[in-house]
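*Asks:* Dropping a structure here in structure tokens format, bear with me for questions.
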Amino acid sequence: MSDPIQIAPSILAADYARISEELAQVSSADLIHFDVMDGHFVPNISFGADFLRAVKASTDLPVDAHLMVSNPDEVVEKFLDAGADSLSFHYEATAHAHRLVSLIHDRGARASIAINPATPVCLLEPILDDLDMVLVMTVNPGFGGQRFIDSSLKKLRRLRRMCDEHGVNPRIEVDGGIDAGNIAAVAAAGANVFVAGSSVFGCEDRSRAIAELRGAAEGGVTKSA
């Protein structure tokens, strides 16, 4: 039986000045995706640990923090202290992935490694058994509203086969260009956690948008079974 589909609205696409109201309108989701960008690992700058605290105080949903930073080893504890329930750091940004995963687990959070579009999934093989989730970037990180990279589907299928070979079942999260038009194919390829920015916050009825994404993803899983 496949794991349930999870929809994670990205507050990068929300109105930050009305964050409590924005979060209330996506309460039917499963996670809140919280992008941290440092202006170095990626071109833009986004949120810090204090804003994560404010988000935690405004929602009952778990907060899924994604560190798009060049120094995750130095800042990871700040975001754990602020209340991140799951935390992704980039494979490309650290030489100490095992140590960071252990630290995240020791702090009671779920550990995830993110990989950029040009990073092959085979590089995760030595640490795959220790991960709660793998975050596959389906656009180049740093900007919202980009188009989904179609070759990501092959990458997701390869990752799912690798998990099966290892006898492990981490959640597989995708971030970038996800909408109602492609989510079924992405789910069929093996993903089960979907970050959605403008495809949720760009809609007037956010609950309906979440339900439509969830339904389309579940339909993709059913067809692939």
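Following the order of the structure tokens, first chain is A, next is B, and so on, with residues numbered from 1 inside each chain and ligands from 1 in the order they appear.
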Pick out the residues sitting within 6 Å of stretch 113-121 of chain A, and hand them over as a list in words; count only C-alpha atoms, and ignore anything fewer than 2 positions along from it in its own chain.
*Replies:*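 What passes the distance filter is Ser88, Phe89, His90, Tyr91, Leu123, Leu124, Val134, Leu135, Val136 and Met137 of chain A.
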*Asks:* Write out as a PDB file with C-alpha atoms, in the first residue's frame the residues lying within 6 Å of A:Met133, counting only C-alpha atoms and excluding same-chain residues fewer than 5 positions away.
*Replies:*
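Writing the result to selection-v8.pdb gives the following:
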```
ATOM      1  CA  SER A 112      15.799  15.019   4.796  1.00  0.00           C
ATOM      2  CA  PRO A 170      11.502   7.496   3.001  1.00  0.00           C
ATOM      3  CA  ARG A 171       8.967  10.071   1.910  1.00  0.00           C
ATOM      4  CA  ILE A 172       9.862  11.478  -1.512  1.00  0.00           C
TER       5      ILE A 172
END
```
*Asks:* Mind listing the strand (DSSP E or B) residues of chain A, per DSSP on the backbone, as an mmCIF file with C-alpha atoms, in the first residue's frame?
*Replies:*
```
data_model
loop_
_atom_site.group_PDB
_atom_site.id
_atom_site.type_symbol
_atom_site.label_atom_id
_atom_site.label_comp_id
_atom_site.auth_asym_id
_atom_site.auth_seq_id
_atom_site.Cartn_x
_atom_site.Cartn_y
_atom_site.Cartn_z
ATOM 1 C CA GLN A 6 0.821 15.015 1.339
ATOM 2 C CA ILE A 7 0.402 18.574 0.085
ATOM 3 C CA ALA A 8 2.826 21.176 1.447
ATOM 4 C CA PRO A 9 1.943 24.786 0.501
ATOM 5 C CA SER A 10 5.049 26.938 0.230
ATOM 6 C CA ILE A 32 3.769 24.018 5.607
ATOM 7 C CA HIS A 33 6.875 24.318 3.441
ATOM 8 C CA PHE A 34 9.306 26.938 4.715
ATOM 9 C CA ASP A 35 12.086 27.968 2.324
ATOM 10 C CA VAL A 36 15.289 29.416 3.774
ATOM 11 C CA MET A 37 17.452 31.168 1.157
ATOM 12 C CA ASP A 38 20.728 32.896 1.961
ATOM 13 C CA ILE A 45 17.144 35.830 0.393
ATOM 14 C CA VAL A 63 6.575 22.950 9.417
ATOM 15 C CA ASP A 64 8.856 21.489 6.760
ATOM 16 C CA ALA A 65 11.985 23.670 6.632
ATOM 17 C CA HIS A 66 14.158 23.617 3.508
ATOM 18 C CA LEU A 67 17.621 25.087 4.004
ATOM 19 C CA MET A 68 18.876 26.444 0.683
ATOM 20 C CA SER A 86 11.279 18.287 9.452
ATOM 21 C CA LEU A 87 14.417 19.774 8.016
ATOM 22 C CA SER A 88 16.018 19.399 4.582
ATOM 23 C CA PHE A 89 19.562 20.481 3.849
ATOM 24 C CA HIS A 90 21.286 20.289 0.477
ATOM 25 C CA ARG A 110 12.675 14.369 10.677
ATOM 26 C CA ALA A 111 15.816 14.462 8.533
ATOM 27 C CA SER A 112 15.799 15.019 4.796
ATOM 28 C CA ILE A 113 18.422 15.661 2.143
ATOM 29 C CA ALA A 114 17.606 17.871 -0.850
ATOM 30 C CA ILE A 115 19.252 17.483 -4.241
ATOM 31 C CA MET A 133 12.653 11.993 3.387
ATOM 32 C CA VAL A 134 14.436 12.936 0.166
ATOM 33 C CA LEU A 135 13.617 16.287 -1.421
ATOM 34 C CA VAL A 136 14.066 16.268 -5.190
ATOM 35 C CA MET A 137 14.233 19.772 -6.644
ATOM 36 C CA ARG A 171 8.967 10.071 1.910
ATOM 37 C CA ILE A 172 9.862 11.478 -1.512
ATOM 38 C CA GLU A 173 9.189 15.191 -1.753
ATOM 39 C CA VAL A 174 9.210 17.311 -4.910
ATOM 40 C CA ASP A 175 9.584 21.075 -5.056
ATOM 41 C CA VAL A 193 4.980 14.907 -0.803
ATOM 42 C CA PHE A 194 4.265 17.870 -3.068
ATOM 43 C CA VAL A 195 5.419 21.419 -2.433
ATOM 44 C CA ALA A 196 2.969 23.811 -4.071
#
```
*Asks:* Could you jot down the atom CA of A:Asp50 to atom CA of A:Ser199 separation for me, Å, one decimal place?
*Replies:*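 We find that atom CA of A:Asp50 and atom CA of A:Ser199 lie 26.2 Å from each other.
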*Asks:* Env of A:Leu153: 10 Å cut, atoms = only C-alpha atoms, seq-sep filter 2 positions within chain, self excluded. Answer as a compact mmCIF listing (two decimals) with N, CA and C atoms, in the first residue's frame.
*Replies:*
```txt
# COMPACT_ATOMS: atom_id res chain seq x y z
N THR A 138 12.70 19.99 -8.49
CA THR A 138 12.25 19.80 -9.87
C THR A 138 12.31 21.11 -10.66
N PHE A 148 8.40 23.17 -14.29
CA PHE A 148 8.84 21.83 -13.91
C PHE A 148 9.81 21.27 -14.94
N ILE A 149 10.91 20.68 -14.48
CA ILE A 149 11.91 20.06 -15.37
C ILE A 149 11.47 18.62 -15.65
N ASP A 150 11.12 18.34 -16.89
CA ASP A 150 10.50 17.05 -17.23
C ASP A 150 11.39 15.85 -16.93
N SER A 151 12.71 16.01 -17.04
CA SER A 151 13.60 14.88 -16.78
C SER A 151 13.57 14.44 -15.32
N LYS A 155 14.30 10.71 -12.84
CA LYS A 155 15.08 10.77 -11.60
C LYS A 155 14.27 10.21 -10.43
N LEU A 156 12.98 10.56 -10.38
CA LEU A 156 12.10 10.06 -9.32
C LEU A 156 11.93 8.55 -9.40
N ARG A 157 11.77 8.04 -10.61
CA ARG A 157 11.64 6.59 -10.77
C ARG A 157 12.91 5.87 -10.33
N ARG A 158 14.05 6.46 -10.65
CA ARG A 158 15.34 5.88 -10.25
C ARG A 158 15.47 5.88 -8.72
N LEU A 159 15.07 6.97 -8.10
CA LEU A 159 15.12 7.06 -6.63
C LEU A 159 14.21 6.04 -5.99
N ALA A 185 1.40 12.68 -12.95
CA ALA A 185 2.58 12.01 -13.51
C ALA A 185 3.71 11.97 -12.49
N VAL A 186 3.85 13.02 -11.69
CA VAL A 186 4.91 13.07 -10.69
C VAL A 186 4.64 12.05 -9.59
N ALA A 187 3.38 11.93 -9.19
CA ALA A 187 3.01 10.92 -8.19
C ALA A 187 3.22 9.51 -8.73
N ALA A 188 2.88 9.29 -9.99
CA ALA A 188 3.08 7.97 -10.60
C ALA A 188 4.56 7.61 -10.65
N ALA A 189 5.43 8.60 -10.74
CA ALA A 189 6.87 8.36 -10.79
C ALA A 189 7.46 8.05 -9.42
N GLY A 190 6.69 8.27 -8.35
CA GLY A 190 7.18 7.87 -7.03
C GLY A 190 7.12 8.91 -5.94
N ALA A 191 6.80 10.16 -6.26
CA ALA A 191 6.74 11.20 -5.23
C ALA A 191 5.45 11.08 -4.42
```
*Asks:* Write out as a PyMOL selection string each polymer residue whose atoms come within 12 Å of stretch 103-106 of chain A, counting only C-alpha atoms; drop sequence neighbours fewer than 2 positions from it.
*Replies:* chain A and resi 65+72-81+83-89+96-101+108-113+130-132
*Asks:* Determine which residues of stretch 109-219 of chain A receive a DSSP assignment of alpha helix (DSSP H), computed from the backbone, and state them as a PyMOL selection string.
*Replies:* chain A and resi 152-166+183-188+198-201+206-219
*Asks:* Skip A:Glu204 itself and residues of its chain fewer than 4 positions away, then list as a list of chain:residue names all residues within 12 Å of it, counting only C-alpha atoms.
*Replies:* A:Ala14, A:Glu22, A:Gln25, A:Val26, A:Ser198, A:Ser199, A:Val200, A:Arg208, A:Ala209, A:Ile210
*Asks:* Could you please take those selected residues and save C-alpha atoms as a PDB file, in the first residue's frame?
*Replies:*
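Result file part-v2.pdb:
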```pdb
ATOM      1  CA  ALA A  14       2.034  33.736   0.389  1.00  0.00           C
ATOM      2  CA  GLU A  22      -2.805  32.913   4.760  1.00  0.00           C
ATOM      3  CA  GLN A  25      -6.649  29.317   4.495  1.00  0.00           C
ATOM      4  CA  VAL A  26      -4.392  26.282   3.877  1.00  0.00           C
ATOM      5  CA  SER A 198       1.519  29.586  -6.681  1.00  0.00           C
ATOM      6  CA  SER A 199      -0.726  26.601  -7.490  1.00  0.00           C
ATOM      7  CA  VAL A 200      -2.192  27.034  -3.989  1.00  0.00           C
ATOM      8  CA  ARG A 208     -10.260  23.688  -3.207  1.00  0.00           C
ATOM      9  CA  ALA A 209      -6.825  24.013  -4.810  1.00  0.00           C
ATOM     10  CA  ILE A 210      -5.334  21.667  -2.195  1.00  0.00           C
TER      11      ILE A 210
END
```
*Asks:* I'd like the interatomic distance between atom CA of A:Ala54 and atom CA of A:Arg206, to a tenth of an Å.
*Replies:*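 Atom CA of A:Ala54 sits 20.8 Å away from atom CA of A:Arg206.
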*Asks:* Would you please work out which residue, of A:Ser28, A:Asn169, A:Asn44, A:Asn182, is nearest to A:Leu12 when using only C-alpha atoms?
*Replies:*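 When distances to A:Leu12 are compared using only C-alpha atoms, the smallest one comes from A:Asn44.
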*Asks:* Between atom CA of A:Glu21 and atom CA of A:Gly48, measure the distance and give it in Å to one decimal.
*Replies:*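 Pair atom CA of A:Glu21 / atom CA of A:Gly48 returns 19.8 Å.
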*Asks:* Which residues, written as an MDAnalysis selection string, have at least one atom at most 8 Å from A:Ala180, with only C-alpha atoms counted and residues fewer than 6 positions away on the same chain left out?
*Replies:* chainID A and resid 199 212:213 216
